[in-house]
$ cat model-v6.csv   # CSV, C-alpha atoms
chain,number,residue,atom,x,y,z
A,1,MET,CA,-127.1,16.6,10.9
A,2,ALA,CA,-124.3,16.1,8.4
A,3,THR,CA,-120.8,16.5,9.7
A,4,THR,CA,-118.0,18.2,7.9
A,5,GLU,CA,-116.5,14.8,7.1
A,6,ASP,CA,-119.7,13.7,5.5
A,7,ILE,CA,-119.9,16.9,3.4
A,8,THR,CA,-116.2,16.5,2.4
A,9,LYS,CA,-116.8,12.9,1.5
A,10,ASP,CA,-119.9,13.8,-0.6
A,11,LEU,CA,-118.0,16.6,-2.3
A,12,ARG,CA,-115.1,14.3,-3.2
A,13,GLN,CA,-117.5,11.7,-4.6
A,14,ASP,CA,-119.3,14.4,-6.6
A,15,LEU,CA,-116.0,15.7,-8.0
A,16,ALA,CA,-114.9,12.2,-8.9
A,17,THR,CA,-118.1,11.6,-10.7
A,18,LEU,CA,-117.8,15.0,-12.4
A,19,LYS,CA,-114.3,14.2,-13.5
A,20,ALA,CA,-115.3,10.9,-14.9
A,21,ASP,CA,-118.2,12.6,-16.8
A,22,VAL,CA,-116.0,15.3,-18.2
A,23,GLY,CA,-113.5,12.6,-19.3
A,24,ASN,CA,-116.3,10.6,-21.1
A,25,LEU,CA,-117.5,13.8,-22.7
A,26,MET,CA,-114.0,14.7,-24.0
A,27,ALA,CA,-113.6,11.1,-25.4
A,28,ALA,CA,-116.9,11.4,-27.2
A,29,MET,CA,-116.0,14.8,-28.6
A,30,LYS,CA,-112.7,13.4,-29.8
A,31,ASP,CA,-114.3,10.5,-31.5
A,32,LEU,CA,-116.8,12.8,-33.1
A,33,GLY,CA,-114.0,15.1,-34.3
A,34,VAL,CA,-112.1,12.2,-35.8
A,35,GLU,CA,-115.2,11.0,-37.6
A,36,HIS,CA,-115.9,14.5,-39.0
A,37,GLY,CA,-112.3,14.8,-40.0
A,38,ARG,CA,-112.5,11.5,-41.9
A,39,THR,CA,-115.7,12.6,-43.6
A,40,ALA,CA,-114.2,15.9,-44.6
A,41,TYR,CA,-111.0,14.2,-45.9
A,42,GLU,CA,-113.1,11.7,-48.0
A,43,ARG,CA,-115.1,14.6,-49.5
A,44,ALA,CA,-112.0,16.6,-50.3
A,45,ARG,CA,-110.4,13.6,-51.9
A,46,ASP,CA,-113.5,12.9,-54.0
A,47,VAL,CA,-113.7,16.5,-55.2
A,48,GLY,CA,-110.0,16.4,-56.0
A,49,GLU,CA,-110.4,13.3,-58.1
A,50,ARG,CA,-113.4,14.8,-59.9
A,51,ALA,CA,-111.5,18.0,-60.6
A,52,ARG,CA,-108.5,15.9,-61.9
A,53,GLY,CA,-110.9,14.0,-64.2
A,54,HIS,CA,-112.3,17.3,-65.5
A,55,ALA,CA,-108.8,18.7,-66.1
A,56,LEU,CA,-107.7,15.6,-67.9
A,57,ALA,CA,-110.8,15.7,-70.1
A,58,ALA,CA,-110.2,19.4,-70.9
A,59,GLN,CA,-106.5,18.6,-71.7
A,60,GLU,CA,-107.6,15.8,-74.1
A,61,SER,CA,-110.1,18.1,-75.7
A,62,VAL,CA,-107.5,20.8,-76.3
A,63,GLU,CA,-105.1,18.3,-77.6
A,64,HIS,CA,-107.7,17.0,-80.1
A,65,TYR,CA,-108.5,20.6,-81.2
A,66,ILE,CA,-104.8,21.4,-81.7
A,67,GLU,CA,-104.3,18.2,-83.7
A,68,ALA,CA,-107.4,18.8,-85.8
A,69,ARG,CA,-106.6,22.5,-86.5
A,70,PRO,CA,-102.9,23.2,-86.1
A,71,LEU,CA,-102.8,26.5,-88.0
A,72,THR,CA,-105.8,27.9,-86.2
A,73,SER,CA,-104.3,26.8,-82.9
A,74,LEU,CA,-101.0,28.5,-83.7
A,75,LEU,CA,-102.7,31.8,-84.7
A,76,VAL,CA,-104.9,31.7,-81.5
A,77,ALA,CA,-101.8,31.1,-79.4
A,78,PHE,CA,-99.9,33.9,-81.1
A,79,GLY,CA,-102.8,36.3,-80.8
A,80,THR,CA,-103.4,35.5,-77.2
A,81,GLY,CA,-99.7,36.0,-76.4
A,82,PHE,CA,-99.6,39.2,-78.3
A,83,ALA,CA,-102.7,40.6,-76.5
A,84,ILE,CA,-101.3,39.7,-73.1
A,85,GLY,CA,-97.9,41.1,-73.9
A,86,THR,CA,-99.5,44.4,-75.1
A,87,LEU,CA,-101.7,44.7,-72.0
A,88,LEU,CA,-98.7,44.1,-69.7
A,89,ALA,CA,-96.5,46.4,-71.6
A,90,SER,CA,-99.0,49.2,-71.5
A,91,ARG,CA,-99.2,49.2,-67.7
A,92,ARG,CA,-95.6,50.3,-67.3

$ encode --input "model-v6.csv" --output "structure tokens"
Amino acid sequence: MATTEDITKDLRQDLATLKADVGNLMAAMKDLGVEHGRTAYERARDVGERARGHALAAQESVEHYIEARPLTSLLVAFGTGFAIGTLLASRR
């Protein structure tokens, strides 16, 4: 028959094992979180770089359009500003 000391000793060993297992699990979760964080950062950086590239291409396209058609561009800008001003003024 097991004595109280034997049961206490077994419980302490089980708790020590459990503590080590939980520590290993937490370390593995931390490593997994760090890896997912790096992956998410790289994806966000790639998307940002692509968006920047698209924005620069759009800017160049608008610049070329304005250089090729300055009068049309001026009239479009004036019309757009006038329309926005009229819409905002009518809401008051």

$ atom_distance --input "model-v6.csv" --atom1 "CA of Lys30 (chain A)" --atom2 "CA of Gly48 (chain A)"
26.5 Å

$ atom_distance --input "model-v6.csv" --atom1 "CA of Glu42 (chain A)" --atom2 "CA of His54 (chain A)"
18.4 Å

$ closest_atom_pairs --input "model-v6.csv" --of "region 27-66 of chain A" --to "region 70-76 of chain A" --cutoff "10 Å" --atoms "all atoms listed in the file" --output "CSV"
residue,atom,partner,partner_atom,distance
A:Val62,CA,A:Ser73,CA,9.5
A:His64,CA,A:Pro70,CA,9.9
A:Tyr65,CA,A:Ser73,CA,7.7
A:Ile66,CA,A:Pro70,CA,5.1

$ atom_distance --input "model-v6.csv" --atom1 "CA of Gly23 (chain A)" --atom2 "CA of Lys9 (chain A)"
21.1 Å

$ decode --input "model-v6.csv" --residues "chain A" --atoms "C-alpha atoms" --output "CSV table (one decimal), in the first residue's frame"
chain,number,residue,atom,x,y,z
A,1,MET,CA,0.0,0.0,0.0
A,2,ALA,CA,1.2,3.5,-0.9
A,3,THR,CA,2.1,5.8,1.9
A,4,THR,CA,1.3,9.4,2.1
A,5,GLU,CA,4.9,10.3,1.4
A,6,ASP,CA,4.9,8.1,-1.8
A,7,ILE,CA,1.7,9.8,-3.0
A,8,THR,CA,3.1,13.3,-2.2
A,9,LYS,CA,6.3,12.4,-4.0
A,10,ASP,CA,4.4,11.1,-7.1
A,11,LEU,CA,2.3,14.2,-7.1
A,12,ARG,CA,5.3,16.5,-6.9
A,13,GLN,CA,6.9,14.6,-9.8
A,14,ASP,CA,3.7,14.8,-11.8
A,15,LEU,CA,3.4,18.5,-11.1
A,16,ALA,CA,7.1,19.1,-12.1
A,17,THR,CA,6.5,17.2,-15.4
A,18,LEU,CA,3.3,19.1,-16.0
A,19,LYS,CA,5.1,22.4,-15.4
A,20,ALA,CA,7.8,21.5,-17.8
A,21,ASP,CA,5.3,20.4,-20.4
A,22,VAL,CA,3.4,23.7,-20.1
A,23,GLY,CA,6.6,25.6,-20.4
A,24,ASN,CA,7.5,23.7,-23.6
A,25,LEU,CA,4.0,24.4,-24.9
A,26,MET,CA,4.2,28.1,-24.2
A,27,ALA,CA,7.7,28.3,-25.9
A,28,ALA,CA,6.3,26.5,-29.0
A,29,MET,CA,3.3,28.8,-29.1
A,30,LYS,CA,5.6,31.8,-28.8
A,31,ASP,CA,7.7,30.6,-31.7
A,32,LEU,CA,4.6,29.9,-33.7
A,33,GLY,CA,3.3,33.4,-33.0
A,34,VAL,CA,6.6,35.0,-33.9
A,35,GLU,CA,6.6,33.1,-37.2
A,36,HIS,CA,3.0,34.1,-38.0
A,37,GLY,CA,3.9,37.7,-37.1
A,38,ARG,CA,6.8,37.7,-39.5
A,39,THR,CA,4.7,36.2,-42.3
A,40,ALA,CA,2.0,38.8,-41.8
A,41,TYR,CA,4.5,41.6,-41.7
A,42,GLU,CA,6.1,40.4,-45.0
A,43,ARG,CA,2.7,40.2,-46.6
A,44,ALA,CA,1.7,43.6,-45.5
A,45,ARG,CA,5.0,45.0,-46.7
A,46,ASP,CA,4.5,43.4,-50.1
A,47,VAL,CA,1.0,44.7,-50.4
A,48,GLY,CA,2.2,48.2,-49.5
A,49,GLU,CA,4.9,48.1,-52.1
A,50,ARG,CA,2.5,47.0,-54.8
A,51,ALA,CA,0.0,49.7,-53.8
A,52,ARG,CA,2.8,52.2,-53.9
A,53,GLY,CA,3.8,51.0,-57.4
A,54,HIS,CA,0.2,51.3,-58.5
A,55,ALA,CA,-0.1,54.8,-57.1
A,56,LEU,CA,3.1,55.9,-58.8
A,57,ALA,CA,1.9,54.5,-62.1
A,58,ALA,CA,-1.4,56.3,-61.7
A,59,GLN,CA,0.4,59.6,-60.9
A,60,GLU,CA,2.6,59.2,-64.0
A,61,SER,CA,-0.5,58.5,-66.1
A,62,VAL,CA,-2.2,61.6,-64.8
A,63,GLU,CA,0.9,63.7,-65.3
A,64,HIS,CA,1.2,62.5,-68.9
A,65,TYR,CA,-2.5,63.2,-69.5
A,66,ILE,CA,-2.2,66.8,-68.1
A,67,GLU,CA,1.0,67.4,-70.2
A,68,ALA,CA,-0.8,66.1,-73.4
A,69,ARG,CA,-4.1,68.0,-72.8
A,70,PRO,CA,-3.5,71.0,-70.5
A,71,LEU,CA,-6.6,72.9,-71.5
A,72,THR,CA,-8.9,69.9,-71.1
A,73,SER,CA,-7.2,69.1,-67.7
A,74,LEU,CA,-7.8,72.7,-66.6
A,75,LEU,CA,-11.5,72.6,-67.5
A,76,VAL,CA,-12.0,69.2,-65.9
A,77,ALA,CA,-10.3,70.4,-62.7
A,78,PHE,CA,-12.4,73.6,-62.7
A,79,GLY,CA,-15.6,71.6,-63.3
A,80,THR,CA,-14.9,69.1,-60.6
A,81,GLY,CA,-14.1,71.9,-58.1
A,82,PHE,CA,-17.2,73.8,-59.1
A,83,ALA,CA,-19.4,70.6,-58.7
A,84,ILE,CA,-17.9,69.8,-55.3
A,85,GLY,CA,-18.3,73.4,-54.1
A,86,THR,CA,-21.9,73.5,-55.3
A,87,LEU,CA,-22.7,70.2,-53.5
A,88,LEU,CA,-21.1,71.3,-50.2
A,89,ALA,CA,-22.7,74.7,-50.4
A,90,SER,CA,-26.2,73.3,-50.9
A,91,ARG,CA,-26.0,71.2,-47.7
A,92,ARG,CA,-25.8,74.2,-45.5
